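Here is the file start.pdb (PDB, C-alpha atoms and all ligand atoms).
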MODEL        1
ATOM      1  CA  MET A1032      85.028  15.573 114.638
ATOM      2  CA  ASN A1033      86.729  13.866 111.697
ATOM      3  CA  GLU A1034      86.057  16.683 109.191
ATOM      4  CA  ILE A1035      88.396  18.985 111.130
ATOM      5  CA  LYS A1036      92.048  19.037 110.055
ATOM      6  CA  LYS A1037      93.301  20.892 113.111
ATOM      7  CA  VAL A1038      92.178  22.927 116.091
ATOM      8  CA  LEU A1039      93.448  26.484 115.731
ATOM      9  CA  ILE A1040      92.038  28.040 118.925
ATOM     10  CA  THR A1041      90.855  25.983 121.882
ATOM     11  CA  GLU A1042      87.819  26.561 124.066
ATOM     12  CA  GLU A1043      90.131  27.619 126.935
ATOM     13  CA  GLN A1044      91.976  30.143 124.753
ATOM     14  CA  LEU A1045      88.664  31.627 123.576
ATOM     15  CA  LYS A1046      87.437  31.975 127.140
ATOM     16  CA  ALA A1047      90.642  33.621 128.352
ATOM     17  CA  ARG A1048      90.786  36.077 125.450
ATOM     18  CA  ASN A1049      87.115  37.023 125.866
ATOM     19  CA  ALA A1050      87.749  37.820 129.519
ATOM     20  CA  GLU A1051      90.738  40.008 128.577
ATOM     21  CA  MET A1052      88.844  41.876 125.875
ATOM     22  CA  GLY A1053      85.842  42.316 128.161
ATOM     23  CA  ARG A1054      88.067  43.871 130.834
ATOM     24  CA  GLN A1055      89.667  46.176 128.280
ATOM     25  CA  ILE A1056      86.315  47.330 126.869
ATOM     26  CA  THR A1057      84.945  47.827 130.401
ATOM     27  CA  ALA A1058      87.922  50.043 131.231
ATOM     28  CA  ASP A1059      87.791  52.005 127.962
ATOM     29  CA  PHE A1060      84.076  52.850 128.221
ATOM     30  CA  GLN A1061      83.840  53.737 131.916
ATOM     31  CA  GLY A1062      80.875  56.029 132.592
ATOM     32  CA  LYS A1063      79.208  55.181 129.278
ATOM     33  CA  GLU A1064      76.400  52.939 128.126
ATOM     34  CA  LEU A1065      77.032  50.674 125.180
ATOM     35  CA  LEU A1066      74.835  49.448 122.378
ATOM     36  CA  ALA A1067      76.448  46.155 121.338
ATOM     37  CA  ILE A1068      75.415  44.975 117.868
ATOM     38  CA  CYS A1069      75.772  41.281 117.047
ATOM     39  CA  ILE A1070      76.466  40.675 113.361
ATOM     40  CA  LEU A1071      74.522  37.545 112.467
ATOM     41  CA  ARG A1072      74.941  34.778 112.152
ATOM     42  CA  GLY A1073      78.664  34.170 112.619
ATOM     43  CA  SER A1074      79.188  36.172 115.806
ATOM     44  CA  TYR A1075      76.285  34.844 117.876
ATOM     45  CA  ILE A1076      78.389  32.737 120.236
ATOM     46  CA  PHE A1077      81.234  35.228 120.545
ATOM     47  CA  PHE A1078      78.687  37.995 121.182
ATOM     48  CA  SER A1079      77.012  36.070 123.953
ATOM     49  CA  ASP A1080      80.315  35.230 125.665
ATOM     50  CA  LEU A1081      81.952  38.647 125.195
ATOM     51  CA  THR A1082      78.996  40.766 126.357
ATOM     52  CA  ARG A1083      78.906  38.793 129.627
ATOM     53  CA  GLU A1084      82.526  39.861 130.244
ATOM     54  CA  ILE A1085      81.668  43.570 129.856
ATOM     55  CA  GLU A1086      80.690  45.207 133.136
ATOM     56  CA  LEU A1087      78.811  48.259 131.868
ATOM     57  CA  PRO A1088      75.184  49.167 131.212
ATOM     58  CA  LEU A1089      74.685  47.489 127.867
ATOM     59  CA  GLU A1090      71.898  47.177 125.316
ATOM     60  CA  VAL A1091      71.973  44.477 122.637
ATOM     61  CA  ALA A1092      70.879  44.527 119.003
ATOM     62  CA  PHE A1093      71.131  42.041 116.162
ATOM     63  CA  MET A1094      71.805  42.675 112.524
ATOM     64  CA  HIS A1095      72.264  40.343 109.575
ATOM     65  CA  ALA A1096      75.142  40.894 107.207
ATOM     66  CA  ALA A1097      75.147  38.718 104.132
ATOM     67  CA  SER A1098      78.147  38.861 101.874
ATOM     68  CA  TYR A1099      76.750  36.375  99.341
ATOM     69  CA  PHE A1100      79.251  33.783 100.372
ATOM     70  CA  ASP A1101      79.710  31.023  97.861
ATOM     71  CA  GLY A1102      81.657  28.137  99.372
ATOM     72  CA  THR A1103      84.752  29.688 100.936
ATOM     73  CA  GLU A1104      84.959  32.915  98.874
ATOM     74  CA  SER A1105      82.982  36.123  99.419
ATOM     75  CA  SER A1106      81.589  37.834  96.335
ATOM     76  CA  GLY A1107      82.257  41.373  97.458
ATOM     77  CA  LYS A1108      78.631  42.510  97.643
ATOM     78  CA  VAL A1109      77.260  43.143 101.120
ATOM     79  CA  ASN A1110      73.581  43.078 102.020
ATOM     80  CA  LEU A1111      72.384  44.610 105.314
ATOM     81  CA  PRO A1112      68.664  43.787 105.346
ATOM     82  CA  ASP A1113      67.771  44.976 108.880
ATOM     83  CA  GLN A1114      69.545  48.310 108.811
ATOM     84  CA  ASN A1115      66.324  50.339 108.965
ATOM     85  CA  MET A1116      65.107  48.567 112.097
ATOM     86  CA  LEU A1117      68.032  49.690 114.227
ATOM     87  CA  SER A1118      67.803  52.728 116.455
ATOM     88  CA  VAL A1119      71.389  53.842 116.919
ATOM     89  CA  LYS A1120      71.237  57.631 116.758
ATOM     90  CA  GLY A1121      73.281  59.251 119.528
ATOM     91  CA  LYS A1122      74.452  55.905 120.915
ATOM     92  CA  ASP A1123      77.903  54.560 121.692
ATOM     93  CA  VAL A1124      77.928  51.556 119.405
ATOM     94  CA  LEU A1125      80.144  48.492 119.630
ATOM     95  CA  VAL A1126      79.912  46.287 116.535
ATOM     96  CA  VAL A1127      80.729  42.648 117.331
ATOM     97  CA  GLU A1128      81.944  40.652 114.315
ATOM     98  CA  ASP A1129      83.252  37.100 113.936
ATOM     99  CA  ILE A1130      86.054  37.630 111.427
ATOM    100  CA  VAL A1131      87.536  40.342 109.221
ATOM    101  CA  ASP A1132      88.614  38.835 105.937
ATOM    102  CA  SER A1133      88.478  41.131 102.882
ATOM    103  CA  GLY A1134      87.173  43.927 105.139
ATOM    104  CA  ARG A1135      84.181  44.593 102.866
ATOM    105  CA  THR A1136      81.466  43.621 105.350
ATOM    106  CA  LEU A1137      82.764  45.880 108.108
ATOM    107  CA  SER A1138      83.474  48.762 105.824
ATOM    108  CA  ALA A1139      79.901  48.661 104.414
ATOM    109  CA  LEU A1140      78.513  48.303 107.920
ATOM    110  CA  LYS A1141      80.596  51.164 109.252
ATOM    111  CA  ALA A1142      79.469  53.532 106.483
ATOM    112  CA  THR A1143      75.821  52.573 107.090
ATOM    113  CA  LEU A1144      76.015  53.133 110.860
ATOM    114  CA  LEU A1145      77.883  56.433 110.565
ATOM    115  CA  GLU A1146      75.085  57.765 108.333
ATOM    116  CA  LYS A1147      72.682  57.057 111.190
ATOM    117  CA  GLU A1148      74.437  59.586 113.436
ATOM    118  CA  VAL A1149      75.813  57.325 116.129
ATOM    119  CA  ASN A1150      77.647  59.114 118.943
ATOM    120  CA  SER A1151      80.642  56.797 118.595
ATOM    121  CA  LEU A1152      81.430  53.621 116.707
ATOM    122  CA  HIS A1153      83.900  50.932 117.744
ATOM    123  CA  ILE A1154      84.517  47.518 116.278
ATOM    124  CA  VAL A1155      85.507  44.280 117.957
ATOM    125  CA  THR A1156      86.298  41.187 115.953
ATOM    126  CA  LEU A1157      87.104  37.762 117.323
ATOM    127  CA  LEU A1158      89.343  36.860 114.386
ATOM    128  CA  ASP A1159      91.405  38.828 111.914
ATOM    129  CA  LYS A1160      92.801  37.383 108.673
ATOM    130  CA  PRO A1161      95.040  40.279 107.552
ATOM    131  CA  ASP A1162      96.561  38.441 104.556
ATOM    132  CA  ARG A1163      93.230  38.656 102.716
ATOM    133  CA  ARG A1164      92.429  42.339 103.224
ATOM    134  CA  VAL A1165      91.073  44.170 100.163
ATOM    135  CA  VAL A1166      89.485  47.183 101.894
ATOM    136  CA  ASP A1167      91.274  49.080 104.661
ATOM    137  CA  ILE A1168      89.375  48.910 107.949
ATOM    138  CA  ASP A1169      90.326  50.004 111.462
ATOM    139  CA  VAL A1170      89.368  47.472 114.104
ATOM    140  CA  ASP A1171      89.487  48.620 117.733
ATOM    141  CA  TYR A1172      89.686  45.205 119.412
ATOM    142  CA  SER A1173      90.825  41.978 117.827
ATOM    143  CA  GLY A1174      90.902  38.585 119.532
ATOM    144  CA  PHE A1175      93.245  36.497 117.429
ATOM    145  CA  ILE A1176      95.139  36.813 114.145
ATOM    146  CA  VAL A1177      94.513  33.758 111.967
ATOM    147  CA  PRO A1178      96.377  32.502 108.886
ATOM    148  CA  ASP A1179      94.846  32.476 105.409
ATOM    149  CA  GLU A1180      92.824  29.292 105.913
ATOM    150  CA  PHE A1181      89.057  28.783 106.022
ATOM    151  CA  VAL A1182      88.074  28.431 109.671
ATOM    152  CA  VAL A1183      84.889  27.128 111.289
ATOM    153  CA  GLY A1184      83.393  26.685 114.728
ATOM    154  CA  TYR A1185      82.376  28.901 117.653
ATOM    155  CA  GLY A1186      79.700  30.493 115.454
ATOM    156  CA  LEU A1187      81.466  30.333 112.102
ATOM    157  CA  ASP A1188      80.042  28.023 109.448
ATOM    158  CA  TYR A1189      80.768  26.201 106.270
ATOM    159  CA  ASN A1190      77.457  25.908 104.369
ATOM    160  CA  GLN A1191      75.646  26.505 107.694
ATOM    161  CA  ARG A1192      77.413  23.631 109.468
ATOM    162  CA  PHE A1193      80.025  23.540 112.236
ATOM    163  CA  ARG A1194      78.755  26.659 114.081
ATOM    164  CA  ASN A1195      78.258  24.636 117.257
ATOM    165  CA  LEU A1196      81.864  23.508 117.670
ATOM    166  CA  LYS A1197      83.341  24.743 120.949
ATOM    167  CA  TYR A1198      86.658  25.639 119.280
ATOM    168  CA  ILE A1199      87.914  27.293 116.090
ATOM    169  CA  GLY A1200      89.250  24.773 113.620
ATOM    170  CA  VAL A1201      90.389  24.341 110.040
ATOM    171  CA  LEU A1202      88.345  22.062 107.802
ATOM    172  CA  LYS A1203      89.900  19.234 105.826
ATOM    173  CA  GLU A1204      90.184  20.265 102.165
ATOM    174  CA  GLU A1205      88.091  17.284 101.064
ATOM    175  CA  VAL A1206      85.036  18.790 102.815
ATOM    176  CA  TYR A1207      84.842  21.642 100.308
ATOM    177  CA  GLN A1208      86.309  19.956  97.250
TER
HETATM  178  P1  LIG A1301      84.779  40.080 104.709
HETATM  179  O1  LIG A1301      85.467  39.428 103.549
HETATM  180  O2  LIG A1301      83.695  40.999 104.250
HETATM  181  O3  LIG A1301      85.766  40.759 105.634
HETATM  182  O4  LIG A1301      84.115  38.919 105.560
HETATM  183  C1  LIG A1301      82.820  38.514 105.254
HETATM  184  C2  LIG A1301      82.313  37.413 106.124
HETATM  185  O5  LIG A1301      82.793  36.237 105.555
HETATM  186  C3  LIG A1301      82.764  37.325 107.575
HETATM  187  O6  LIG A1301      82.017  38.128 108.438
HETATM  188  C4  LIG A1301      82.489  35.851 107.831
HETATM  189  O7  LIG A1301      81.125  35.659 108.157
HETATM  190  C5  LIG A1301      82.839  35.237 106.506
HETATM  191  N1  LIG A1301      84.205  34.660 106.525
HETATM  192  C6  LIG A1301      85.372  35.218 106.156
HETATM  193  N2  LIG A1301      86.404  34.377 106.344
HETATM  194  C7  LIG A1301      85.865  33.248 106.863
HETATM  195  C8  LIG A1301      86.415  31.998 107.314
HETATM  196  O8  LIG A1301      87.613  31.700 107.295
HETATM  197  N3  LIG A1301      85.510  31.098 107.797
HETATM  198  C9  LIG A1301      84.165  31.333 107.856
HETATM  199  N4  LIG A1301      83.394  30.370 108.338
HETATM  200  N5  LIG A1301      83.625  32.499 107.458
HETATM  201  C10 LIG A1301      84.468  33.434 106.972
HETATM  202 MG    MG A1302      80.461  37.801 109.868
HETATM  203 MG    MG A1303      79.212  32.208 106.833
ENDMDL
END

Whole structure, structure tokens version:
Amino acid sequence: MNEIKKVLITEEQLKARNAEMGRQITADFQGKELLAICILRGSYIFFSDLTREIELPLEVAFMHAASYFDGTESSGKVNLPDQNMLSVKGKDVLVVEDIVDSGRTLSALKATLLEKEVNSLHIVTLLDKPDRRVVDIDVDYSGFIVPDEFVVGYGLDYNQRFRNLKYIGVLKEEVYQ
């Protein structure tokens, strides 16, 4: 695709890392049942691939998190519109996120879920962009560290496009200028 400047993570690398993380999560939660929550929309592909690498009894749930993204910058406000539809009380919850950037989305989400009396709460993110962190957040499993560049593909969008790329790539600057 000619709007992509470079491929950061290939399809093969994503597959291999998902298998590794799935094995790790399977080992760490032996004897338990998980409620895996997909944070929409960015993590839909990662969620589908990762959950199939976890060999445990597993329930799925879906939750929107909107951070009022404007272009490539998040505004800092986080909206969690479906939070009252989730039944998480007493469950071992695994939140599945696409990317931790400022940390605001996950920290708002974590506070909201903890109020709902989960039994345990763990977070897995495919990507982590530590250079941009504003709010401290502990992530239990992280797929790849990425540099401070706007990435797309494998679920992640720019203005709702590029989610269907099979890899993670960096957009050419001219696309958002
Ligand atoms: P936060 O800043 O709250 O940690 O991240 C908010 C959300 O912004 C992420 O869940 C993700 O959906 C989006 N986001 C952050 N960095 C990027 C990026 O480089 N590319 C894309 N496509 N989305 C991003
Ligand atoms: Mg997200
Ligand atoms: Mg987005």

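The binding environment of ligand MG 1303 (chain A), defined as every protein, DNA or RNA residue with an atom no more than 8 Å away and counting only C-alpha atoms and all ligand atoms, comprises Arg1072, Gly1073, Phe1100, Leu1187, Asp1188, Tyr1189, Asn1190 and Gln1191 of chain A.
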
Open item on the list: Env of Asp1129 of chain A: 6 Å cut, atoms = all atoms listed in the file, seq-sep filter 2 positions within chain, self excluded. Answer as a ChimeraX atom specification.
Closed with: /A:1073-1074,1156-1157

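Taking atom CA of Asn1150 of chain A as the reference point, atom CA of Met1094 of chain A is found at 18.6 Å.
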
Find the spatial neighbours of Leu1158 of chain A, counting all atoms listed in the file, within a cut-off of 9 Å - ignore same-chain residues fewer than 5 positions away - and output them as an mmCIF file with C-alpha atoms, in the coordinates of the input.
data_model
loop_
_atom_site.group_PDB
_atom_site.id
_atom_site.type_symbol
_atom_site.label_atom_id
_atom_site.label_comp_id
_atom_site.auth_asym_id
_atom_site.auth_seq_id
_atom_site.Cartn_x
_atom_site.Cartn_y
_atom_site.Cartn_z
ATOM 1 C CA GLU A 1128 81.944 40.652 114.315
ATOM 2 C CA ASP A 1129 83.252 37.100 113.936
ATOM 3 C CA ILE A 1130 86.054 37.630 111.427
ATOM 4 C CA VAL A 1131 87.536 40.342 109.221
ATOM 5 C CA ASP A 1132 88.614 38.835 105.937
ATOM 6 C CA SER A 1173 90.825 41.978 117.827
ATOM 7 C CA GLY A 1174 90.902 38.585 119.532
ATOM 8 C CA PHE A 1175 93.245 36.497 117.429
ATOM 9 C CA ILE A 1176 95.139 36.813 114.145
ATOM 10 C CA VAL A 1177 94.513 33.758 111.967
#

Task: atom C6 of ligand LIG 1301 (chain A) to atom CA of Gly1200 of chain A, straight-line distance in Å - done: 13.4 Å

- [ ] Take atom CA of Phe1078 of chain A and atom CA of Gly1053 of chain A and report the distance between them in Å, one decimal.
- [x] 10.9 Å

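Ranking A:Ala1097, A:Leu1089, A:Ile1035, A:Ile1040 by their shortest atom-to-atom distance to ligand LIG 1301 (chain A), with all atoms listed in the file included, puts A:Ala1097 first.
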
Expected axis-aligned box over every listed atom of ligand LIG 1301 (chain A), 5 Å added per side, centre plus edges in Å to one decimal, as AutoDock Vina command-line options:
--center_x 84.4 --center_y 35.7 --center_z 106.0 --size_x 16.5 --size_y 20.6 --size_z 14.9

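Proximity to ligand LIG 1301 (chain A) was assessed for A:Ser1098, A:Val1170, A:Leu1111, A:Leu1152 counting all atoms listed in the file; the smallest distance is recorded for A:Ser1098.
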
Task: Target residues per the PyMOL selection byres (((chain A and resi 1144) around 12) and not hetatm), formatted as a VMD selection string - done: chain A and resid 1068 1094 1111 1113 to 1126 1137 to 1143 1145 to 1154

Same residues, C-alpha atoms, output as a PDB file, in the coordinates of the input:
ATOM      1  CA  ILE A1068      75.415  44.975 117.868  1.00  0.00           C
ATOM      2  CA  MET A1094      71.805  42.675 112.524  1.00  0.00           C
ATOM      3  CA  LEU A1111      72.384  44.610 105.314  1.00  0.00           C
ATOM      4  CA  ASP A1113      67.771  44.976 108.880  1.00  0.00           C
ATOM      5  CA  GLN A1114      69.545  48.310 108.811  1.00  0.00           C
ATOM      6  CA  ASN A1115      66.324  50.339 108.965  1.00  0.00           C
ATOM      7  CA  MET A1116      65.107  48.567 112.097  1.00  0.00           C
ATOM      8  CA  LEU A1117      68.032  49.690 114.227  1.00  0.00           C
ATOM      9  CA  SER A1118      67.803  52.728 116.455  1.00  0.00           C
ATOM     10  CA  VAL A1119      71.389  53.842 116.919  1.00  0.00           C
ATOM     11  CA  LYS A1120      71.237  57.631 116.758  1.00  0.00           C
ATOM     12  CA  GLY A1121      73.281  59.251 119.528  1.00  0.00           C
ATOM     13  CA  LYS A1122      74.452  55.905 120.915  1.00  0.00           C
ATOM     14  CA  ASP A1123      77.903  54.560 121.692  1.00  0.00           C
ATOM     15  CA  VAL A1124      77.928  51.556 119.405  1.00  0.00           C
ATOM     16  CA  LEU A1125      80.144  48.492 119.630  1.00  0.00           C
ATOM     17  CA  VAL A1126      79.912  46.287 116.535  1.00  0.00           C
ATOM     18  CA  LEU A1137      82.764  45.880 108.108  1.00  0.00           C
ATOM     19  CA  SER A1138      83.474  48.762 105.824  1.00  0.00           C
ATOM     20  CA  ALA A1139      79.901  48.661 104.414  1.00  0.00           C
ATOM     21  CA  LEU A1140      78.513  48.303 107.920  1.00  0.00           C
ATOM     22  CA  LYS A1141      80.596  51.164 109.252  1.00  0.00           C
ATOM     23  CA  ALA A1142      79.469  53.532 106.483  1.00  0.00           C
ATOM     24  CA  THR A1143      75.821  52.573 107.090  1.00  0.00           C
ATOM     25  CA  LEU A1145      77.883  56.433 110.565  1.00  0.00           C
ATOM     26  CA  GLU A1146      75.085  57.765 108.333  1.00  0.00           C
ATOM     27  CA  LYS A1147      72.682  57.057 111.190  1.00  0.00           C
ATOM     28  CA  GLU A1148      74.437  59.586 113.436  1.00  0.00           C
ATOM     29  CA  VAL A1149      75.813  57.325 116.129  1.00  0.00           C
ATOM     30  CA  ASN A1150      77.647  59.114 118.943  1.00  0.00           C
ATOM     31  CA  SER A1151      80.642  56.797 118.595  1.00  0.00           C
ATOM     32  CA  LEU A1152      81.430  53.621 116.707  1.00  0.00           C
ATOM     33  CA  HIS A1153      83.900  50.932 117.744  1.00  0.00           C
ATOM     34  CA  ILE A1154      84.517  47.518 116.278  1.00  0.00           C
TER      35      ILE A1154
END

TODO: Counting only C-alpha atoms, note down every residue that has an atom within 8 Å of the point (70.0, 41.1, 117.8) (file coordinates), as a PyMOL selection string.
DONE: chain A and resi 1068-1071+1091-1094

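If only C-alpha atoms are the atoms counted, then among A:Pro1112, A:Gly1134, A:Gly1184, A:Pro1088 the closest residue to Asp1169 of chain A is A:Gly1134.
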
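Compared by their closest atoms to ligand LIG 1301 (chain A), and using all atoms listed in the file, the residues A:Ile1056, A:Val1182, A:Met1032, A:Ala1047 rank with A:Val1182 nearest.
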
Open item on the list: Using all atoms listed in the file, can you tell me which of A:Ile1076, A:Tyr1172, A:Glu1090, A:Ile1085 comes closest to ligand MG 1302 (chain A)?
Closed with: A:Ile1076

Open item on the list: Given only C-alpha atoms and all ligand atoms as the basis, pick out the residue of A:Phe1181, A:Tyr1207, A:Phe1193, A:Tyr1198 nearest to ligand LIG 1301 (chain A).
Closed with: A:Phe1181

- [ ] For the file shown, report as a PyMOL selection string the outcome of the PyMOL selection byres (((chain A and resi 1034) around 7) and not hetatm) at residue level.
- [x] chain A and resi 1032-1033+1035-1036+1202-1203+1206
